[in-house]
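S.K.: Just start_9.pdb, nothing more (PDB, C-alpha atoms, pLDDT in the B column):
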MODEL        1
ATOM      1  CA  MET A   1       8.438 -39.591 -45.411  1.00 49.00           C
ATOM      2  CA  VAL A   2       6.245 -36.502 -45.568  1.00 52.00           C
ATOM      3  CA  ASP A   3       3.556 -38.188 -43.472  1.00 53.00           C
ATOM      4  CA  ARG A   4       5.991 -38.725 -40.616  1.00 53.00           C
ATOM      5  CA  LEU A   5       6.738 -35.000 -40.351  1.00 55.00           C
ATOM      6  CA  ARG A   6       3.084 -34.151 -39.798  1.00 56.00           C
ATOM      7  CA  ARG A   7       1.679 -33.825 -36.310  1.00 56.00           C
ATOM      8  CA  LEU A   8      -0.151 -36.847 -35.014  1.00 61.00           C
ATOM      9  CA  ASP A   9      -3.437 -35.010 -34.463  1.00 63.00           C
ATOM     10  CA  HIS A  10      -3.352 -33.357 -37.918  1.00 65.00           C
ATOM     11  CA  ARG A  11      -3.658 -29.831 -36.473  1.00 66.00           C
ATOM     12  CA  ALA A  12      -1.497 -26.824 -37.133  1.00 64.00           C
ATOM     13  CA  GLY A  13       1.206 -26.082 -34.605  1.00 61.00           C
ATOM     14  CA  PRO A  14       1.482 -22.928 -32.503  1.00 62.00           C
ATOM     15  CA  SER A  15       2.325 -19.739 -34.351  1.00 61.00           C
ATOM     16  CA  ALA A  16       5.904 -18.554 -34.255  1.00 56.00           C
ATOM     17  CA  ARG A  17       4.991 -15.026 -33.209  1.00 59.00           C
ATOM     18  CA  ARG A  18       2.368 -13.332 -31.104  1.00 59.00           C
ATOM     19  CA  ARG A  19      -0.497 -11.585 -32.786  1.00 61.00           C
ATOM     20  CA  GLY A  20      -1.357  -8.461 -30.830  1.00 59.00           C
ATOM     21  CA  PRO A  21      -0.605  -7.009 -27.426  1.00 58.00           C
ATOM     22  CA  LYS A  22      -0.334  -9.084 -24.297  1.00 55.00           C
ATOM     23  CA  ARG A  23      -3.770  -9.522 -22.811  1.00 57.00           C
ATOM     24  CA  GLY A  24      -4.886 -10.614 -19.397  1.00 55.00           C
ATOM     25  CA  PRO A  25      -8.219 -11.047 -17.686  1.00 55.00           C
ATOM     26  CA  TRP A  26      -7.974  -7.543 -16.193  1.00 54.00           C
ATOM     27  CA  THR A  27      -6.924  -5.556 -19.284  1.00 61.00           C
ATOM     28  CA  GLY A  28      -8.791  -2.238 -19.385  1.00 76.00           C
ATOM     29  CA  GLU A  29     -11.137  -3.113 -16.532  1.00 82.00           C
ATOM     30  CA  ALA A  30      -9.396  -1.208 -13.695  1.00 81.00           C
ATOM     31  CA  LEU A  31      -8.040  -4.365 -12.117  1.00 82.00           C
ATOM     32  CA  GLY A  32      -4.424  -4.602 -11.056  1.00 82.00           C
ATOM     33  CA  ARG A  33      -2.313  -7.158  -9.277  1.00 79.00           C
ATOM     34  CA  SER A  34      -1.461  -6.128  -5.711  1.00 77.00           C
ATOM     35  CA  ARG A  35      -0.479  -8.021  -2.548  1.00 79.00           C
ATOM     36  CA  GLY A  36      -3.988  -9.342  -1.989  1.00 78.00           C
ATOM     37  CA  GLY A  37      -4.576 -10.390  -5.600  1.00 81.00           C
ATOM     38  CA  LEU A  38      -6.569  -8.521  -8.219  1.00 83.00           C
ATOM     39  CA  SER A  39      -7.932  -5.270  -6.815  1.00 86.00           C
ATOM     40  CA  THR A  40      -9.178  -1.793  -7.714  1.00 89.00           C
ATOM     41  CA  LYS A  41      -8.211   1.583  -6.249  1.00 90.00           C
ATOM     42  CA  ILE A  42     -10.464   4.584  -5.875  1.00 92.00           C
ATOM     43  CA  HIS A  43      -8.541   7.889  -5.915  1.00 93.00           C
ATOM     44  CA  LEU A  44     -10.795  10.444  -4.242  1.00 93.00           C
ATOM     45  CA  ALA A  45     -10.899  14.149  -3.397  1.00 93.00           C
ATOM     46  CA  CYS A  46     -13.424  15.387  -0.843  1.00 92.00           C
ATOM     47  CA  ASP A  47     -14.385  18.668   0.777  1.00 90.00           C
ATOM     48  CA  GLY A  48     -14.063  19.658   4.445  1.00 88.00           C
ATOM     49  CA  GLN A  49     -17.317  17.915   5.408  1.00 90.00           C
ATOM     50  CA  GLY A  50     -16.256  14.580   3.894  1.00 90.00           C
ATOM     51  CA  ARG A  51     -18.392  14.821   0.754  1.00 92.00           C
ATOM     52  CA  PRO A  52     -16.741  13.462  -2.416  1.00 94.00           C
ATOM     53  CA  LEU A  53     -15.858  16.012  -5.099  1.00 93.00           C
ATOM     54  CA  ALA A  54     -14.055  13.910  -7.713  1.00 94.00           C
ATOM     55  CA  PHE A  55     -12.624  10.429  -8.144  1.00 95.00           C
ATOM     56  CA  THR A  56     -10.839   8.145 -10.569  1.00 94.00           C
ATOM     57  CA  ILE A  57     -10.688   4.367 -10.647  1.00 93.00           C
ATOM     58  CA  THR A  58      -7.510   2.442 -11.458  1.00 91.00           C
ATOM     59  CA  GLY A  59      -6.026  -0.973 -10.929  1.00 89.00           C
ATOM     60  CA  GLY A  60      -4.709  -1.855  -7.489  1.00 86.00           C
ATOM     61  CA  ASN A  61      -1.091  -1.664  -8.646  1.00 86.00           C
ATOM     62  CA  VAL A  62      -1.242   2.021  -9.712  1.00 87.00           C
ATOM     63  CA  ASN A  63       0.619   4.506  -7.526  1.00 87.00           C
ATOM     64  CA  ASP A  64      -1.430   7.226  -5.803  1.00 87.00           C
ATOM     65  CA  CYS A  65       0.689  10.172  -6.939  1.00 89.00           C
ATOM     66  CA  THR A  66       0.158   9.333 -10.635  1.00 92.00           C
ATOM     67  CA  GLN A  67      -3.576  10.030 -10.264  1.00 93.00           C
ATOM     68  CA  PHE A  68      -3.295  13.330  -8.383  1.00 93.00           C
ATOM     69  CA  GLU A  69      -3.590  15.626 -11.412  1.00 94.00           C
ATOM     70  CA  PRO A  70      -6.486  13.703 -13.057  1.00 95.00           C
ATOM     71  CA  VAL A  71      -8.469  13.884  -9.803  1.00 94.00           C
ATOM     72  CA  MET A  72      -7.706  17.600  -9.398  1.00 94.00           C
ATOM     73  CA  ALA A  73      -8.775  18.219 -13.005  1.00 94.00           C
ATOM     74  CA  ARG A  74     -12.214  16.703 -12.294  1.00 94.00           C
ATOM     75  CA  ILE A  75     -13.020  19.024  -9.393  1.00 92.00           C
ATOM     76  CA  HIS A  76     -15.764  21.512 -10.320  1.00 90.00           C
ATOM     77  CA  ILE A  77     -17.544  23.333  -7.496  1.00 86.00           C
ATOM     78  CA  LYS A  78     -20.599  25.308  -8.558  1.00 86.00           C
ATOM     79  CA  ARG A  79     -20.687  28.932  -7.433  1.00 86.00           C
ATOM     80  CA  TYR A  80     -23.756  30.363  -5.693  1.00 88.00           C
ATOM     81  CA  GLY A  81     -23.977  33.287  -8.115  1.00 88.00           C
ATOM     82  CA  PRO A  82     -23.132  33.526 -11.780  1.00 90.00           C
ATOM     83  CA  GLY A  83     -19.758  32.454 -13.116  1.00 89.00           C
ATOM     84  CA  ARG A  84     -17.727  29.423 -13.948  1.00 90.00           C
ATOM     85  CA  PRO A  85     -17.355  26.636 -11.386  1.00 89.00           C
ATOM     86  CA  ARG A  86     -14.355  26.740  -9.064  1.00 86.00           C
ATOM     87  CA  THR A  87     -11.607  24.310  -9.980  1.00 87.00           C
ATOM     88  CA  ARG A  88      -9.054  25.215  -7.316  1.00 89.00           C
ATOM     89  CA  PRO A  89      -9.444  24.346  -3.659  1.00 89.00           C
ATOM     90  CA  LEU A  90      -7.924  26.690  -1.087  1.00 88.00           C
ATOM     91  CA  ARG A  91      -5.803  23.934   0.479  1.00 89.00           C
ATOM     92  CA  VAL A  92      -4.870  20.324  -0.239  1.00 90.00           C
ATOM     93  CA  VAL A  93      -4.176  17.947   2.639  1.00 89.00           C
ATOM     94  CA  GLY A  94      -2.638  14.615   1.689  1.00 87.00           C
ATOM     95  CA  ASP A  95      -0.636  11.771   3.124  1.00 85.00           C
ATOM     96  CA  LYS A  96       2.966  10.758   2.369  1.00 85.00           C
ATOM     97  CA  GLY A  97       1.876   8.987  -0.822  1.00 84.00           C
ATOM     98  CA  TYR A  98       1.405  12.414  -2.427  1.00 87.00           C
ATOM     99  CA  SER A  99       4.756  13.830  -1.328  1.00 86.00           C
ATOM    100  CA  SER A 100       6.662  14.483  -4.550  1.00 86.00           C
ATOM    101  CA  ARG A 101       8.282  17.463  -6.212  1.00 86.00           C
ATOM    102  CA  LYS A 102       5.970  17.180  -9.194  1.00 92.00           C
ATOM    103  CA  ILE A 103       2.827  17.476  -7.044  1.00 92.00           C
ATOM    104  CA  ARG A 104       4.249  20.300  -4.927  1.00 90.00           C
ATOM    105  CA  SER A 105       5.257  22.294  -8.011  1.00 93.00           C
ATOM    106  CA  TYR A 106       1.820  21.653  -9.581  1.00 94.00           C
ATOM    107  CA  LEU A 107       0.123  23.072  -6.476  1.00 93.00           C
ATOM    108  CA  ARG A 108       2.538  26.019  -6.312  1.00 93.00           C
ATOM    109  CA  ARG A 109       1.851  26.905  -9.977  1.00 94.00           C
ATOM    110  CA  ARG A 110      -1.887  26.920  -9.339  1.00 93.00           C
ATOM    111  CA  GLY A 111      -1.593  28.906  -6.083  1.00 93.00           C
ATOM    112  CA  ILE A 112      -2.948  26.150  -3.833  1.00 92.00           C
ATOM    113  CA  ALA A 113      -1.628  25.763  -0.293  1.00 90.00           C
ATOM    114  CA  CYS A 114      -0.682  22.218   0.673  1.00 88.00           C
ATOM    115  CA  THR A 115      -0.154  20.236   3.850  1.00 87.00           C
ATOM    116  CA  ILE A 116       1.638  17.045   2.858  1.00 86.00           C
ATOM    117  CA  PRO A 117       4.228  15.415   5.142  1.00 85.00           C
ATOM    118  CA  GLU A 118       7.570  14.517   3.601  1.00 82.00           C
ATOM    119  CA  ARG A 119       8.836  10.966   3.384  1.00 80.00           C
ATOM    120  CA  VAL A 120      11.916   9.949   5.378  1.00 81.00           C
ATOM    121  CA  ASP A 121      14.129   9.766   2.273  1.00 78.00           C
ATOM    122  CA  GLN A 122      13.138  13.326   1.313  1.00 77.00           C
ATOM    123  CA  ILE A 123      13.948  14.593   4.820  1.00 76.00           C
ATOM    124  CA  ASN A 124      17.365  12.874   4.718  1.00 80.00           C
ATOM    125  CA  GLY A 125      18.059  14.409   1.306  1.00 78.00           C
ATOM    126  CA  CYS A 126      17.255  17.902   2.631  1.00 76.00           C
ATOM    127  CA  LEU A 127      19.588  17.336   5.577  1.00 78.00           C
ATOM    128  CA  ARG A 128      22.390  16.140   3.271  1.00 81.00           C
ATOM    129  CA  ARG A 129      22.025  19.193   1.027  1.00 81.00           C
ATOM    130  CA  GLY A 130      21.891  21.536   4.008  1.00 77.00           C
ATOM    131  CA  GLU A 131      18.385  22.787   3.221  1.00 76.00           C
ATOM    132  CA  SER A 132      15.891  23.757   5.874  1.00 70.00           C
ATOM    133  CA  LEU A 133      13.291  21.188   6.765  1.00 69.00           C
ATOM    134  CA  CYS A 134       9.702  21.717   5.735  1.00 68.00           C
ATOM    135  CA  ARG A 135       7.583  22.079   8.851  1.00 72.00           C
ATOM    136  CA  LEU A 136       4.145  20.513   8.815  1.00 77.00           C
ATOM    137  CA  ASP A 137       1.107  22.379  10.110  1.00 80.00           C
ATOM    138  CA  ARG A 138      -0.164  19.689  12.485  1.00 81.00           C
ATOM    139  CA  GLU A 139      -3.496  21.385  13.182  1.00 85.00           C
ATOM    140  CA  VAL A 140      -4.389  21.321   9.493  1.00 86.00           C
ATOM    141  CA  TYR A 141      -2.982  17.813   8.991  1.00 84.00           C
ATOM    142  CA  ARG A 142      -5.291  16.430  11.685  1.00 85.00           C
ATOM    143  CA  ARG A 143      -8.209  17.170   9.362  1.00 85.00           C
ATOM    144  CA  ARG A 144      -6.915  14.549   6.890  1.00 85.00           C
ATOM    145  CA  ASN A 145      -9.034  11.944   8.640  1.00 89.00           C
ATOM    146  CA  VAL A 146     -12.044  13.470   6.860  1.00 91.00           C
ATOM    147  CA  VAL A 147     -10.977  11.612   3.718  1.00 90.00           C
ATOM    148  CA  GLU A 148     -10.611   8.344   5.626  1.00 90.00           C
ATOM    149  CA  ARG A 149     -14.094   8.765   7.100  1.00 92.00           C
ATOM    150  CA  CYS A 150     -15.448   9.447   3.606  1.00 93.00           C
ATOM    151  CA  PHE A 151     -13.939   6.151   2.388  1.00 92.00           C
ATOM    152  CA  ASN A 152     -15.432   4.332   5.374  1.00 93.00           C
ATOM    153  CA  ARG A 153     -18.899   5.668   4.558  1.00 93.00           C
ATOM    154  CA  LEU A 154     -18.456   4.746   0.890  1.00 92.00           C
ATOM    155  CA  LYS A 155     -17.402   1.216   1.734  1.00 89.00           C
ATOM    156  CA  GLN A 156     -20.550   0.575   3.754  1.00 91.00           C
ATOM    157  CA  ASN A 157     -21.949  -0.409   0.361  1.00 89.00           C
ATOM    158  CA  LYS A 158     -21.004  -4.082   0.224  1.00 88.00           C
ATOM    159  CA  ALA A 159     -20.844  -4.248  -3.566  1.00 87.00           C
ATOM    160  CA  LEU A 160     -18.469  -1.280  -3.633  1.00 87.00           C
ATOM    161  CA  ALA A 161     -16.165  -2.666  -0.941  1.00 86.00           C
ATOM    162  CA  THR A 162     -15.814  -6.066  -2.606  1.00 86.00           C
ATOM    163  CA  ARG A 163     -16.257  -5.133  -6.310  1.00 86.00           C
ATOM    164  CA  TYR A 164     -18.659  -7.704  -7.624  1.00 83.00           C
ATOM    165  CA  ASP A 165     -18.844  -5.949 -11.006  1.00 85.00           C
ATOM    166  CA  LYS A 166     -16.864  -7.319 -13.897  1.00 85.00           C
ATOM    167  CA  ARG A 167     -16.778  -4.158 -15.989  1.00 89.00           C
ATOM    168  CA  ALA A 168     -14.994  -0.988 -14.887  1.00 90.00           C
ATOM    169  CA  ARG A 169     -17.781   1.260 -16.166  1.00 92.00           C
ATOM    170  CA  HIS A 170     -20.338  -0.585 -14.007  1.00 92.00           C
ATOM    171  CA  TYR A 171     -18.111  -0.238 -10.948  1.00 92.00           C
ATOM    172  CA  LYS A 172     -17.584   3.460 -11.708  1.00 93.00           C
ATOM    173  CA  ALA A 173     -21.361   3.935 -11.909  1.00 94.00           C
ATOM    174  CA  LEU A 174     -21.721   2.229  -8.526  1.00 93.00           C
ATOM    175  CA  VAL A 175     -19.077   4.516  -6.988  1.00 94.00           C
ATOM    176  CA  THR A 176     -20.862   7.544  -8.488  1.00 94.00           C
ATOM    177  CA  LEU A 177     -24.167   6.471  -6.939  1.00 94.00           C
ATOM    178  CA  ALA A 178     -22.510   5.900  -3.568  1.00 93.00           C
ATOM    179  CA  CYS A 179     -20.910   9.373  -3.751  1.00 93.00           C
ATOM    180  CA  LEU A 180     -24.258  10.944  -4.586  1.00 93.00           C
ATOM    181  CA  ARG A 181     -25.816   9.254  -1.556  1.00 93.00           C
ATOM    182  CA  LEU A 182     -23.208  10.938   0.660  1.00 92.00           C
ATOM    183  CA  TRP A 183     -24.367  14.340  -0.607  1.00 90.00           C
ATOM    184  CA  LEU A 184     -27.959  13.724   0.485  1.00 88.00           C
ATOM    185  CA  PRO A 185     -28.887  15.236   3.865  1.00 82.00           C
ATOM    186  CA  SER A 186     -29.071  12.666   6.650  1.00 68.00           C
TER     187      SER A 186
ENDMDL
END
Once more with this new file: its structure as structure tokens, please.
M.R.:
Amino acid sequence: MVDRLRRLDHRAGPSARRRGPKRGPWTGEALGRSRGGLSTKIHLACDGQGRPLAFTITGGNVNDCTQFEPVMARIHIKRYGPGRPRTRPLRVVGDKGYSSRKIRSYLRRRGIACTIPERVDQINGCLRRGESLCRLDREVYRRRNVVERCFNRLKQNKALATRYDKRARHYKALVTLACLRLWLPS
């Protein structure tokens, strides 16, 4: 009778509970599921000439506004004379992905001017509450294409554009090298 209760292949059955956190092939390697499959995002800050200042790498499913403060914290611009490096830019120009109260209050606390357009739902909320609309400085906002051109120059490296690297630290090293190449005089 006992022999009939055993499994036919004489192996133990599956455990009743999981042992450890859920793991996937992309755990901890800056890969995230997005519309096109597994992908990686580079969150980048650059200066007025399109040279990268700081970046972070996350999975493709991570929202842009969650990485704003970590990128800003990595900015260090060396001064010509003595003194600590500058950590505050004079102005931040961003797209609608960075339009949130948290980011605007962060910039206000640090004394940084910003040019970020508001999303449609934020504009409708201001109208409902009877608040004045935030006007966008269009001349300054036109300079936002500098960041897009910086990304285009970075992605001329085929390995960076397609991410052949398995490990996140290898991909981050590749992005660092590509950023350093943009700082070299042409």
S.K.: Choose the residue, out of A:Gly83, A:Pro117, A:Pro185, A:Gly32, that has the smallest atom-to-atom separation from A:Arg104; count all atoms listed in the file.
M.R.: A:Pro117
S.K.: Would you write out, as JSON, numbers by chain, every residue that the PyMOL selection byres ((chain A and resi 152-165) around 12) captures in this file?
M.R.: {"A": [29, 30, 31, 38, 39, 40, 41, 42, 44, 46, 50, 51, 52, 57, 59, 145, 146, 147, 148, 149, 150, 151, 166, 167, 168, 169, 170, 171, 172, 173, 174, 175, 176, 177, 178, 179, 180, 181, 182, 183]}
S.K.: Dump C-alpha atoms for the selected residues as a PDB file, in the coordinates of the input?
M.R.:
ATOM      1  CA  GLU A  29     -11.137  -3.113 -16.532  1.00 82.00           C
ATOM      2  CA  ALA A  30      -9.396  -1.208 -13.695  1.00 81.00           C
ATOM      3  CA  LEU A  31      -8.040  -4.365 -12.117  1.00 82.00           C
ATOM      4  CA  LEU A  38      -6.569  -8.521  -8.219  1.00 83.00           C
ATOM      5  CA  SER A  39      -7.932  -5.270  -6.815  1.00 86.00           C
ATOM      6  CA  THR A  40      -9.178  -1.793  -7.714  1.00 89.00           C
ATOM      7  CA  LYS A  41      -8.211   1.583  -6.249  1.00 90.00           C
ATOM      8  CA  ILE A  42     -10.464   4.584  -5.875  1.00 92.00           C
ATOM      9  CA  LEU A  44     -10.795  10.444  -4.242  1.00 93.00           C
ATOM     10  CA  CYS A  46     -13.424  15.387  -0.843  1.00 92.00           C
ATOM     11  CA  GLY A  50     -16.256  14.580   3.894  1.00 90.00           C
ATOM     12  CA  ARG A  51     -18.392  14.821   0.754  1.00 92.00           C
ATOM     13  CA  PRO A  52     -16.741  13.462  -2.416  1.00 94.00           C
ATOM     14  CA  ILE A  57     -10.688   4.367 -10.647  1.00 93.00           C
ATOM     15  CA  GLY A  59      -6.026  -0.973 -10.929  1.00 89.00           C
ATOM     16  CA  ASN A 145      -9.034  11.944   8.640  1.00 89.00           C
ATOM     17  CA  VAL A 146     -12.044  13.470   6.860  1.00 91.00           C
ATOM     18  CA  VAL A 147     -10.977  11.612   3.718  1.00 90.00           C
ATOM     19  CA  GLU A 148     -10.611   8.344   5.626  1.00 90.00           C
ATOM     20  CA  ARG A 149     -14.094   8.765   7.100  1.00 92.00           C
ATOM     21  CA  CYS A 150     -15.448   9.447   3.606  1.00 93.00           C
ATOM     22  CA  PHE A 151     -13.939   6.151   2.388  1.00 92.00           C
ATOM     23  CA  LYS A 166     -16.864  -7.319 -13.897  1.00 85.00           C
ATOM     24  CA  ARG A 167     -16.778  -4.158 -15.989  1.00 89.00           C
ATOM     25  CA  ALA A 168     -14.994  -0.988 -14.887  1.00 90.00           C
ATOM     26  CA  ARG A 169     -17.781   1.260 -16.166  1.00 92.00           C
ATOM     27  CA  HIS A 170     -20.338  -0.585 -14.007  1.00 92.00           C
ATOM     28  CA  TYR A 171     -18.111  -0.238 -10.948  1.00 92.00           C
ATOM     29  CA  LYS A 172     -17.584   3.460 -11.708  1.00 93.00           C
ATOM     30  CA  ALA A 173     -21.361   3.935 -11.909  1.00 94.00           C
ATOM     31  CA  LEU A 174     -21.721   2.229  -8.526  1.00 93.00           C
ATOM     32  CA  VAL A 175     -19.077   4.516  -6.988  1.00 94.00           C
ATOM     33  CA  THR A 176     -20.862   7.544  -8.488  1.00 94.00           C
ATOM     34  CA  LEU A 177     -24.167   6.471  -6.939  1.00 94.00           C
ATOM     35  CA  ALA A 178     -22.510   5.900  -3.568  1.00 93.00           C
ATOM     36  CA  CYS A 179     -20.910   9.373  -3.751  1.00 93.00           C
ATOM     37  CA  LEU A 180     -24.258  10.944  -4.586  1.00 93.00           C
ATOM     38  CA  ARG A 181     -25.816   9.254  -1.556  1.00 93.00           C
ATOM     39  CA  LEU A 182     -23.208  10.938   0.660  1.00 92.00           C
ATOM     40  CA  TRP A 183     -24.367  14.340  -0.607  1.00 90.00           C
TER      41      TRP A 183
END
S.K.: Looking at A:Gly81, A:Glu69, A:Arg119, A:Val62, which one is nearest to A:Tyr106, with distances taken over only C-alpha atoms?
M.R.: A:Glu69
S.K.: Between A:Ile112, A:Ile103, A:Ala45, A:Val93, which is the closest to A:Thr66 once you count all atoms listed in the file?
M.R.: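 Answer, going by the shortest atom-to-atom distance: A:Ile103.
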S.K.: Using only C-alpha atoms, which protein or nucleic acid residues come within 6 Å of A:His76? Drop anything in the same chain fewer than 4 positions from it, and give the result as a VMD selection string.
M.R.: chain A and resid 85 to 87
S.K.: Interatomic distance between atom CA of A:Val140 and atom CA of A:Cys65?
M.R.: 20.5 Å
